[in-house]
$ cat model-v2.cif   # mmCIF, C-alpha atoms
data_final
#
loop_
_atom_site.label_atom_id
_atom_site.label_comp_id
_atom_site.auth_asym_id
_atom_site.auth_seq_id
_atom_site.Cartn_x
_atom_site.Cartn_y
_atom_site.Cartn_z
CA MET A 1282 100.12 -95.88 -25.95
CA ASN A 1283 99.01 -95.69 -22.30
CA ARG A 1284 96.15 -97.71 -20.84
CA PRO A 1285 93.38 -95.02 -20.89
CA LYS A 1286 94.04 -94.32 -24.57
CA ILE A 1287 93.95 -98.05 -25.40
CA ILE A 1288 90.60 -98.43 -23.60
CA ILE A 1289 89.13 -95.40 -25.38
CA LEU A 1290 90.33 -96.60 -28.79
CA PHE A 1291 88.93 -100.09 -28.15
CA LEU A 1292 85.49 -98.71 -27.23
CA VAL A 1293 85.29 -96.49 -30.30
CA ILE A 1294 86.37 -99.31 -32.67
CA SER A 1295 83.98 -101.75 -30.99
CA SER A 1296 81.05 -99.37 -31.37
CA ILE A 1297 81.78 -98.80 -35.04
CA SER A 1298 82.15 -102.56 -35.65
CA LEU A 1299 78.84 -103.21 -33.93
CA GLN A 1300 77.11 -100.70 -36.16
CA ALA A 1301 78.59 -102.36 -39.24
CA GLN A 1302 77.10 -105.70 -38.18
CA GLU A 1303 73.67 -104.04 -38.02
CA ASN A 1304 74.19 -102.50 -41.47
CA THR A 1305 73.91 -98.98 -40.03
CA THR A 1306 76.35 -96.11 -39.80
CA PRO A 1307 77.29 -94.58 -36.42
CA LYS A 1308 76.87 -90.86 -35.99
CA ILE A 1309 80.27 -89.38 -35.15
CA LEU A 1310 80.19 -85.84 -33.77
CA GLY A 1311 82.81 -83.65 -32.18
CA ASN A 1312 83.79 -80.16 -31.15
CA ILE A 1313 86.83 -78.05 -30.38
CA ASN A 1314 86.66 -75.19 -27.90
CA LEU A 1315 89.50 -72.61 -27.82
CA ARG A 1316 89.48 -70.05 -24.99
CA TYR A 1317 91.19 -66.89 -23.74
CA ARG A 1318 90.85 -65.68 -20.12
CA TYR A 1319 91.88 -62.55 -18.27
CA ASP A 1320 91.38 -62.32 -14.50
CA ASP A 1321 92.70 -59.41 -12.43
CA THR A 1322 92.41 -61.31 -9.15
CA GLU A 1323 95.76 -61.27 -7.37
CA ASN A 1324 97.72 -64.50 -8.05
CA ALA A 1325 94.98 -65.87 -10.34
CA THR A 1326 96.17 -69.02 -12.13
CA SER A 1327 94.47 -67.94 -15.37
CA SER A 1328 95.27 -64.23 -15.18
CA ASN A 1329 96.16 -63.95 -18.88
CA SER A 1330 96.02 -67.25 -20.73
CA PHE A 1331 95.00 -69.12 -23.88
CA ASP A 1332 93.98 -72.76 -23.65
CA VAL A 1333 92.25 -75.61 -25.45
CA ARG A 1334 89.31 -75.98 -23.13
CA ARG A 1335 87.61 -78.91 -24.85
CA ALA A 1336 88.37 -81.35 -27.65
CA ARG A 1337 85.64 -83.97 -27.72
CA LEU A 1338 84.54 -86.95 -29.79
CA ASP A 1339 80.94 -88.12 -29.51
CA VAL A 1340 79.88 -91.45 -31.07
CA ARG A 1341 76.17 -92.32 -31.12
CA GLY A 1342 74.13 -95.04 -32.72
CA ASN A 1343 71.68 -97.91 -32.36
CA VAL A 1344 72.50 -101.47 -31.34
CA VAL A 1345 68.97 -102.31 -32.51
CA LYS A 1346 66.25 -99.80 -33.32
CA PRO A 1347 64.95 -99.05 -29.78
CA LEU A 1348 68.38 -99.39 -28.11
CA GLU A 1349 70.73 -96.44 -28.50
CA TYR A 1350 74.28 -96.08 -27.27
CA ARG A 1351 76.60 -93.13 -26.69
CA ILE A 1352 80.36 -92.92 -26.16
CA HIS A 1353 81.57 -89.40 -25.39
CA ILE A 1354 85.31 -88.75 -24.85
CA GLU A 1355 87.26 -85.68 -23.77
CA PHE A 1356 90.81 -85.37 -25.16
CA ALA A 1357 91.81 -81.95 -23.78
CA ASN A 1358 94.41 -82.10 -20.99
CA SER A 1359 94.16 -85.90 -20.56
CA PRO A 1360 91.79 -88.41 -22.22
CA ARG A 1361 88.79 -89.36 -20.10
CA MET A 1362 85.35 -90.83 -20.57
CA LEU A 1363 82.51 -88.34 -20.10
CA ASP A 1364 79.52 -90.41 -21.21
CA ALA A 1365 79.16 -94.13 -21.85
CA ASN A 1366 75.58 -95.35 -21.76
CA LEU A 1367 72.74 -97.32 -23.30
CA ASN A 1368 69.28 -95.82 -23.78
CA TRP A 1369 66.33 -98.18 -24.28
CA LYS A 1370 63.26 -96.39 -25.63
CA ILE A 1371 60.57 -98.66 -24.22
CA ASN A 1372 57.68 -96.65 -25.69
CA GLN A 1373 56.79 -93.03 -26.46
CA HIS A 1374 56.42 -92.22 -22.74
CA VAL A 1375 59.24 -94.21 -21.08
CA SER A 1376 62.98 -94.63 -21.69
CA LEU A 1377 65.55 -96.45 -19.57
CA ILE A 1378 69.13 -95.19 -19.56
CA ALA A 1379 72.07 -96.93 -17.86
CA GLY A 1380 75.73 -96.02 -17.64
CA GLN A 1381 77.58 -92.74 -17.16
CA TYR A 1382 75.87 -89.44 -18.01
CA LYS A 1383 74.73 -86.11 -16.59
CA ILE A 1384 72.60 -86.45 -13.48
CA PRO A 1385 68.97 -85.31 -13.86
CA PHE A 1386 69.07 -82.25 -11.64
CA SER A 1387 68.24 -78.62 -12.49
CA LEU A 1388 67.32 -77.04 -15.81
CA GLU A 1389 70.92 -76.02 -16.56
CA ASN A 1390 72.94 -79.15 -15.84
CA PRO A 1391 71.60 -81.25 -18.76
CA TYR A 1392 72.71 -78.58 -21.26
CA ASN A 1393 75.52 -79.52 -23.61
CA PRO A 1394 78.15 -76.80 -23.02
CA ASN A 1395 78.17 -75.91 -26.71
CA ALA A 1396 74.48 -75.03 -26.34
CA LEU A 1397 74.78 -73.16 -23.02
CA GLU A 1398 74.13 -69.43 -23.40
CA MET A 1399 77.03 -68.24 -21.25
CA ILE A 1400 80.62 -69.46 -21.41
CA ASP A 1401 80.60 -70.86 -17.86
CA ASN A 1402 77.93 -72.46 -15.71
CA SER A 1403 76.28 -70.38 -13.02
CA LEU A 1404 77.85 -70.39 -9.55
CA VAL A 1405 75.15 -72.48 -7.89
CA ILE A 1406 75.26 -75.16 -10.60
CA THR A 1407 79.06 -75.26 -10.38
CA HIS A 1408 79.14 -75.65 -6.58
CA LEU A 1409 76.08 -77.80 -5.90
CA VAL A 1410 75.72 -80.04 -9.00
CA ASN A 1411 78.88 -82.16 -9.45
CA TYR A 1412 81.19 -79.68 -11.21
CA GLU A 1413 83.25 -78.16 -8.40
CA ASP A 1414 80.83 -79.32 -5.74
CA VAL A 1415 81.27 -78.14 -2.16
CA SER A 1416 81.30 -81.83 -1.17
CA GLY A 1417 84.51 -82.31 -3.15
CA ILE A 1418 83.03 -84.06 -6.22
CA ARG A 1419 84.55 -82.98 -9.56
CA ALA A 1420 82.59 -84.75 -12.29
CA ASN A 1421 81.36 -82.40 -15.06
CA GLY A 1422 77.82 -82.76 -13.69
CA ARG A 1423 77.88 -86.54 -14.23
CA ASP A 1424 77.67 -89.84 -12.38
CA ILE A 1425 77.13 -93.56 -13.00
CA GLY A 1426 73.67 -95.04 -12.59
CA VAL A 1427 70.32 -95.98 -14.09
CA SER A 1428 67.32 -93.74 -14.82
CA LEU A 1429 63.80 -93.60 -16.17
CA ASN A 1430 62.75 -90.60 -18.21
CA GLY A 1431 59.93 -89.60 -20.48
CA ASN A 1432 56.84 -87.47 -20.86
CA PHE A 1433 53.07 -87.49 -20.69
CA PHE A 1434 50.11 -85.62 -22.18
CA LYS A 1435 51.42 -84.40 -25.51
CA LYS A 1436 49.70 -81.37 -26.94
CA ASP A 1437 50.42 -79.40 -30.11
CA GLY A 1438 53.94 -80.81 -30.44
CA TYR A 1439 55.07 -80.49 -26.79
CA SER A 1440 54.54 -82.45 -23.55
CA LEU A 1441 52.71 -81.06 -20.54
CA ILE A 1442 54.81 -83.16 -18.12
CA ASN A 1443 58.43 -84.34 -18.39
CA TYR A 1444 60.15 -86.53 -15.80
CA TYR A 1445 63.67 -87.87 -15.25
CA PHE A 1446 64.47 -89.95 -12.13
CA GLY A 1447 67.47 -92.13 -11.35
CA LEU A 1448 69.72 -93.93 -8.87
CA PHE A 1449 73.47 -93.23 -8.92
CA ASN A 1450 76.73 -94.20 -7.21
CA GLY A 1451 77.18 -90.65 -5.96
CA ALA A 1452 80.96 -90.77 -6.49
CA GLY A 1453 81.30 -88.94 -9.83
CA ILE A 1454 82.59 -90.08 -13.21
CA ASN A 1455 84.70 -93.21 -13.66
CA ASN A 1456 84.39 -94.03 -9.94
CA SER A 1457 82.88 -96.95 -8.04
CA ASP A 1458 80.52 -96.29 -5.15
CA THR A 1459 82.17 -95.70 -1.76
CA ASN A 1460 79.23 -97.12 0.22
CA ASN A 1461 76.22 -99.43 -0.14
CA ALA A 1462 73.69 -96.60 -0.46
CA LYS A 1463 72.50 -95.33 -3.83
CA ASP A 1464 71.87 -91.64 -4.47
CA PHE A 1465 68.53 -90.48 -5.87
CA SER A 1466 68.37 -87.63 -8.36
CA GLY A 1467 65.37 -86.41 -10.30
CA ILE A 1468 63.63 -83.53 -12.00
CA LEU A 1469 59.95 -83.02 -12.79
CA SER A 1470 59.00 -80.36 -15.33
CA ILE A 1471 55.56 -78.96 -16.11
CA ASN A 1472 54.92 -77.03 -19.30
CA PRO A 1473 51.68 -75.03 -19.01
CA ASN A 1474 52.24 -73.94 -22.60
CA ARG A 1475 54.89 -74.17 -25.29
CA ARG A 1476 56.76 -71.11 -24.01
CA LEU A 1477 56.90 -71.78 -20.26
CA THR A 1478 58.59 -74.52 -18.18
CA LEU A 1479 58.37 -74.92 -14.39
CA ALA A 1480 60.68 -77.45 -12.75
CA VAL A 1481 61.44 -78.95 -9.36
CA SER A 1482 64.61 -81.01 -8.67
CA HIS A 1483 65.69 -83.17 -5.75
CA TYR A 1484 68.93 -84.99 -4.93
CA ASN A 1485 69.28 -87.24 -1.87
CA GLY A 1486 72.55 -89.08 -1.42
CA LYS A 1487 75.27 -90.31 0.92
CA ILE A 1488 78.98 -89.59 0.94
CA GLY A 1489 81.70 -91.43 2.82
CA ALA A 1490 82.41 -95.07 3.65
CA ASN A 1491 79.76 -97.48 4.95
CA ASN A 1492 80.71 -97.05 8.59
CA ASN A 1493 80.66 -93.25 8.33
CA THR A 1494 78.18 -92.02 5.72
CA ARG A 1495 76.81 -88.49 5.71
CA ASP A 1496 73.85 -86.92 3.93
CA ARG A 1497 74.29 -84.94 0.73
CA ILE A 1498 71.00 -83.26 -0.17
CA ARG A 1499 70.07 -80.75 -2.89
CA ASN A 1500 66.73 -79.10 -3.74
CA GLY A 1501 66.06 -76.90 -6.73
CA PHE A 1502 63.28 -74.84 -8.31
CA GLY A 1503 63.47 -73.40 -11.81
CA ILE A 1504 61.60 -71.53 -14.50
CA LYS A 1505 62.29 -71.14 -18.21
CA TYR A 1506 60.54 -68.93 -20.75
CA LYS A 1507 61.20 -68.79 -24.48
CA HIS A 1508 59.18 -66.84 -27.01
CA ASN A 1509 60.43 -65.81 -30.43
CA SER A 1510 63.79 -64.07 -29.82
CA LEU A 1511 63.44 -63.71 -26.03
CA TYR A 1512 64.92 -66.27 -23.63
CA ILE A 1513 64.80 -66.26 -19.81
CA ARG A 1514 65.90 -68.95 -17.34
CA SER A 1515 66.21 -68.76 -13.56
CA GLU A 1516 66.79 -71.25 -10.73
CA TYR A 1517 67.18 -71.40 -6.95
CA ILE A 1518 69.06 -74.32 -5.36
CA ASP A 1519 69.98 -75.11 -1.76
CA GLY A 1520 72.13 -77.89 -0.37
CA LYS A 1521 73.04 -79.71 2.84
CA THR A 1522 76.65 -80.95 3.00
CA TRP A 1523 78.90 -82.48 5.66
CA ASP A 1524 81.92 -80.46 6.77
CA ALA A 1525 84.53 -83.01 7.85
CA THR A 1526 86.87 -80.31 9.18
CA ASN A 1527 84.34 -78.85 11.64
CA ASN A 1528 82.44 -82.13 12.09
CA GLU A 1529 79.04 -80.63 11.27
CA TYR A 1530 76.61 -79.99 8.42
CA PHE A 1531 76.40 -76.67 6.62
CA ARG A 1532 73.75 -75.29 4.28
CA SER A 1533 74.51 -73.61 0.95
CA GLN A 1534 72.22 -71.68 -1.36
CA GLY A 1535 72.34 -69.90 -4.67
CA ALA A 1536 70.33 -68.52 -7.55
CA TYR A 1537 70.80 -67.13 -11.03
CA ALA A 1538 68.80 -65.44 -13.76
CA VAL A 1539 69.96 -65.35 -17.38
CA PHE A 1540 68.42 -63.25 -20.16
CA GLY A 1541 69.05 -63.54 -23.88
CA TYR A 1542 67.65 -61.95 -27.03
CA HIS A 1543 68.39 -62.89 -30.63
CA ILE A 1544 68.98 -60.04 -33.06
CA GLY A 1545 68.50 -61.74 -36.39
CA GLU A 1546 70.10 -65.17 -36.76
CA LYS A 1547 73.71 -64.27 -35.96
CA LEU A 1548 73.75 -62.12 -32.81
CA GLN A 1549 72.55 -62.83 -29.27
CA PRO A 1550 73.29 -60.34 -26.43
CA LEU A 1551 73.07 -61.83 -22.91
CA ALA A 1552 73.01 -60.84 -19.25
CA ARG A 1553 73.18 -62.91 -16.07
CA CYS A 1554 72.95 -62.17 -12.35
CA ASP A 1555 74.55 -64.88 -10.22
CA TYR A 1556 74.42 -65.41 -6.44
CA PHE A 1557 75.95 -68.10 -4.23
CA LYS A 1558 76.51 -68.42 -0.49
CA TYR A 1559 78.77 -71.29 0.55
CA ASP A 1560 77.44 -71.28 4.12
CA LYS A 1561 74.05 -69.66 4.75
CA SER A 1562 75.02 -68.91 8.36
CA GLU A 1563 78.14 -66.96 7.30
CA SER A 1564 77.48 -63.75 5.35
CA ARG A 1565 81.17 -63.44 4.45
CA THR A 1566 80.91 -66.55 2.22
CA GLN A 1567 78.55 -64.76 -0.19
CA GLN A 1568 79.47 -64.23 -3.85
CA LEU A 1569 77.71 -62.07 -6.44
CA GLU A 1570 78.53 -61.96 -10.13
CA TYR A 1571 77.12 -59.77 -12.88
CA THR A 1572 77.86 -60.92 -16.43
CA ALA A 1573 77.27 -59.27 -19.78
CA GLY A 1574 77.93 -61.28 -22.90
CA VAL A 1575 77.31 -61.81 -26.56
CA ASN A 1576 77.13 -64.84 -28.84
CA TYR A 1577 77.92 -64.47 -32.53
CA PHE A 1578 77.19 -67.18 -35.11
CA PRO A 1579 79.20 -66.27 -38.26
CA VAL A 1580 78.55 -69.55 -40.09
CA GLU A 1581 76.92 -72.88 -39.34
CA ASN A 1582 78.63 -74.93 -36.59
CA VAL A 1583 80.79 -72.01 -35.44
CA ARG A 1584 80.05 -69.81 -32.43
CA LEU A 1585 82.07 -66.92 -31.00
CA GLN A 1586 81.40 -65.94 -27.37
CA PHE A 1587 82.44 -63.03 -25.19
CA ASN A 1588 81.64 -62.59 -21.46
CA TYR A 1589 82.60 -59.84 -19.04
CA THR A 1590 81.96 -60.57 -15.36
CA ARG A 1591 82.18 -58.28 -12.35
CA LYS A 1592 82.73 -60.44 -9.27
CA THR A 1593 81.95 -59.19 -5.76
CA LYS A 1594 82.63 -61.04 -2.52
CA LYS A 1595 81.70 -60.47 1.13
CA ASP A 1596 84.94 -61.96 2.43
CA ASP A 1597 87.25 -59.12 3.52
CA LEU A 1598 90.25 -61.21 2.48
CA LEU A 1599 89.10 -61.30 -1.16
CA ASN A 1600 88.84 -58.21 -3.34
CA ASP A 1601 86.23 -57.60 -6.00
CA ASN A 1602 87.61 -58.34 -9.44
CA ASN A 1603 86.99 -58.35 -13.19
CA TYR A 1604 86.92 -61.48 -15.32
CA ILE A 1605 86.97 -61.51 -19.12
CA VAL A 1606 86.66 -64.67 -21.17
CA THR A 1607 86.18 -65.26 -24.86
CA GLN A 1608 86.04 -68.51 -26.76
CA ILE A 1609 85.31 -70.09 -30.12
CA TRP A 1610 83.33 -73.29 -30.70
CA ILE A 1611 83.82 -75.37 -33.82
CA LYS A 1612 81.48 -78.34 -34.22
CA PHE A 1613 81.77 -81.14 -36.73
#
$ encode --input "model-v2.cif" --output "structure tokens"
Amino acid sequence: MNRPKIIILFLVISSISLQAQENTTPKILGNINLRYRYDDTENATSSNSFDVRRARLDVRGNVVKPLEYRIHIEFANSPRMLDANLNWKINQHVSLIAGQYKIPFSLENPYNPNALEMIDNSLVITHLVNYEDVSGIRANGRDIGVSLNGNFFKKDGYSLINYYFGLFNGAGINNSDTNNAKDFSGILSINPNRRLTLAVSHYNGKIGANNNTRDRIRNGFGIKYKHNSLYIRSEYIDGKTWDATNNEYFRSQGAYAVFGYHIGEKLQPLARCDYFKYDKSESRTQQLEYTAGVNYFPVENVRLQFNYTRKTKKDDLLNDNNYIVTQIWIKF
């Protein structure tokens, strides 16, 4: 057994043993995500392919009543730690979380992928929020740090204000910081009523070694509306990133709007318009995607998804193309 697997096994066994000492039972969750993709882009690596996209184990519990822990492991491709953190619920308005977890930025990033409406994240979330970030960070939207989060002014079962602010390494998952600076990330949400959420996000960090750090800045604005069967979410995000090749900063921007509507309990048709421009000063770096999809829930803990995307690009070297993806989620 190689070293990563030994470490993962040790952490899982330790967490279960700790729960036993407290006379409680850990909550063990998991999911399997099987996917098929077809992409008619020339030389696409996933032009016609099945894969096991995710196979995850999620262990949660309490060390003592106000102190929760989470150990979240991905086994697809190669084992790796996604989340490993402690959450101290200080009171009904304040919680302190420390460890590795999703950074508090944007409305979409905190979503568990098995709860996300579409199969893939929007372009701007993918390229500006630690997934396939233009800065080079590949971290599933996560980082290592410490945060405060909570809410104020509860009314009729919901909070008027929600906040989530933290300091992070800025180097992604399972990585130590590369400099002495700590990155700030936070989101403030206002809920004028139960149906509507307005949010503003800010990320201010540094990349590079101590003697050569560069700014990495992100700003986001979002809105979410949910009433009965109707669901709407939209965000705009811009970013400032250092281009080491050209020795200068460049600005990126993007936006998306997703619409969903439940027909009964089993069917949810969806649509999304997606825009991203890698460099705001270069029109040829613009991407537009139009996605139509459907979610089907045949039984509890099973979801079937289908998305068709028409991708258009300004770059003359890249042709417009069609992308089809379907997947099944099984939760346990």
$ resolve_selection --input "model-v2.cif" --expression "the PyMOL selection byres ((chain A and resi 1484) around 9)" --output "PDB file with C-alpha atoms, keeping the file's coordinate frame"
ATOM      1  CA  PRO A1385      68.970 -85.310 -13.860  1.00  0.00           C
ATOM      2  CA  PHE A1386      69.070 -82.250 -11.640  1.00  0.00           C
ATOM      3  CA  ASP A1464      71.870 -91.640  -4.470  1.00  0.00           C
ATOM      4  CA  PHE A1465      68.530 -90.480  -5.870  1.00  0.00           C
ATOM      5  CA  SER A1466      68.370 -87.630  -8.360  1.00  0.00           C
ATOM      6  CA  GLY A1467      65.370 -86.410 -10.300  1.00  0.00           C
ATOM      7  CA  ILE A1468      63.630 -83.530 -12.000  1.00  0.00           C
ATOM      8  CA  SER A1482      64.610 -81.010  -8.670  1.00  0.00           C
ATOM      9  CA  HIS A1483      65.690 -83.170  -5.750  1.00  0.00           C
ATOM     10  CA  ASN A1485      69.280 -87.240  -1.870  1.00  0.00           C
ATOM     11  CA  GLY A1486      72.550 -89.080  -1.420  1.00  0.00           C
ATOM     12  CA  ARG A1497      74.290 -84.940   0.730  1.00  0.00           C
ATOM     13  CA  ILE A1498      71.000 -83.260  -0.170  1.00  0.00           C
ATOM     14  CA  ARG A1499      70.070 -80.750  -2.890  1.00  0.00           C
ATOM     15  CA  ASN A1500      66.730 -79.100  -3.740  1.00  0.00           C
ATOM     16  CA  GLY A1501      66.060 -76.900  -6.730  1.00  0.00           C
TER      17      GLY A1501
END
$ resolve_selection --input "model-v2.cif" --expression "the PyMOL selection byres ((chain A and resi 1561-1571) around 9)" --output "list in words"
Leu1404, Phe1531, Arg1532, Ser1533, Gln1534, Ala1552, Arg1553, Cys1554, Asp1555, Tyr1556, Phe1557, Lys1558, Tyr1559, Asp1560, Thr1572, Ala1573, Tyr1589, Thr1590, Arg1591, Lys1592, Thr1593, Lys1594, Lys1595, Asp1596 and Asp1597 of chain A
$ resolve_selection --input "model-v2.cif" --expression "the PyMOL selection byres ((chain A and resi 1380) around 7)" --output "NGL selection string"
:A and (1365-1367 or 1378-1379 or 1381-1382 or 1425-1427)
$ residues_around --input "model-v2.cif" --residues "Lys1436 of chain A" --least-positions-apart "4" --cutoff "12 Å" --atoms "all atoms listed in the file" --output "list in words"
Asn1432, Ser1440, Leu1441, Ile1442, Asn1472, Pro1473, Asn1474 and Arg1475 of chain A
$ atom_distance --input "model-v2.cif" --atom1 "atom CA of Asp1496 of chain A" --atom2 "atom CA of Lys1521 of chain A"
7.3 Å
$ atom_distance --input "model-v2.cif" --atom1 "atom CA of Ala1525 of chain A" --atom2 "atom CA of Asp1424 of chain A"
22.4 Å
$ residues_around --input "model-v2.cif" --residues "Lys1505 of chain A" --least-positions-apart "5" --cutoff "9 Å" --atoms "all atoms listed in the file" --output "PDB file with C-alpha atoms, in the coordinates of the input"
ATOM      1  CA  LEU A1388      67.320 -77.040 -15.810  1.00  0.00           C
ATOM      2  CA  ARG A1476      56.760 -71.110 -24.010  1.00  0.00           C
ATOM      3  CA  LEU A1477      56.900 -71.780 -20.260  1.00  0.00           C
ATOM      4  CA  THR A1478      58.590 -74.520 -18.180  1.00  0.00           C
ATOM      5  CA  LEU A1479      58.370 -74.920 -14.390  1.00  0.00           C
ATOM      6  CA  ALA A1480      60.680 -77.450 -12.750  1.00  0.00           C
ATOM      7  CA  TYR A1512      64.920 -66.270 -23.630  1.00  0.00           C
ATOM      8  CA  ILE A1513      64.800 -66.260 -19.810  1.00  0.00           C
ATOM      9  CA  ARG A1514      65.900 -68.950 -17.340  1.00  0.00           C
ATOM     10  CA  SER A1515      66.210 -68.760 -13.560  1.00  0.00           C
ATOM     11  CA  GLU A1516      66.790 -71.250 -10.730  1.00  0.00           C
TER      12      GLU A1516
END
$ residues_near_point --input "model-v2.cif" --point "(82.5, -82.9, -36.9)" --cutoff "12 Å" --atoms "only C-alpha atoms" --output "list in words"
Lys1308, Ile1309, Leu1310, Gly1311, Asn1312, Ile1313, Ala1336, Arg1337, Leu1338, Asp1339, Val1340, Glu1581, Asn1582, Val1583, Trp1610, Ile1611, Lys1612 and Phe1613 of chain A
$ atom_distance --input "model-v2.cif" --atom1 "atom CA of Glu1355 of chain A" --atom2 "atom CA of Gly1453 of chain A"
15.5 Å
$ closest_residue --input "model-v2.cif" --among "A:Phe1449, A:Arg1316, A:Tyr1577, A:Gly1541" --to "Asn1329 of chain A" --atoms "only C-alpha atoms"
A:Arg1316
$ closest_residue --input "model-v2.cif" --among "A:Asn1443, A:Asn1393, A:Ser1376, A:Ser1403" --to "Val1481 of chain A" --atoms "all atoms listed in the file"
A:Asn1443
$ axis_aligned_box --input "model-v2.cif" --around "segment 1434-1440 of chain A" --padding-each-side "8 Å" --output "AutoDock Vina command-line options"
--center_x 52.4 --center_y -82.5 --center_z -26.3 --size_x 21.4 --size_y 22.2 --size_z 24.3
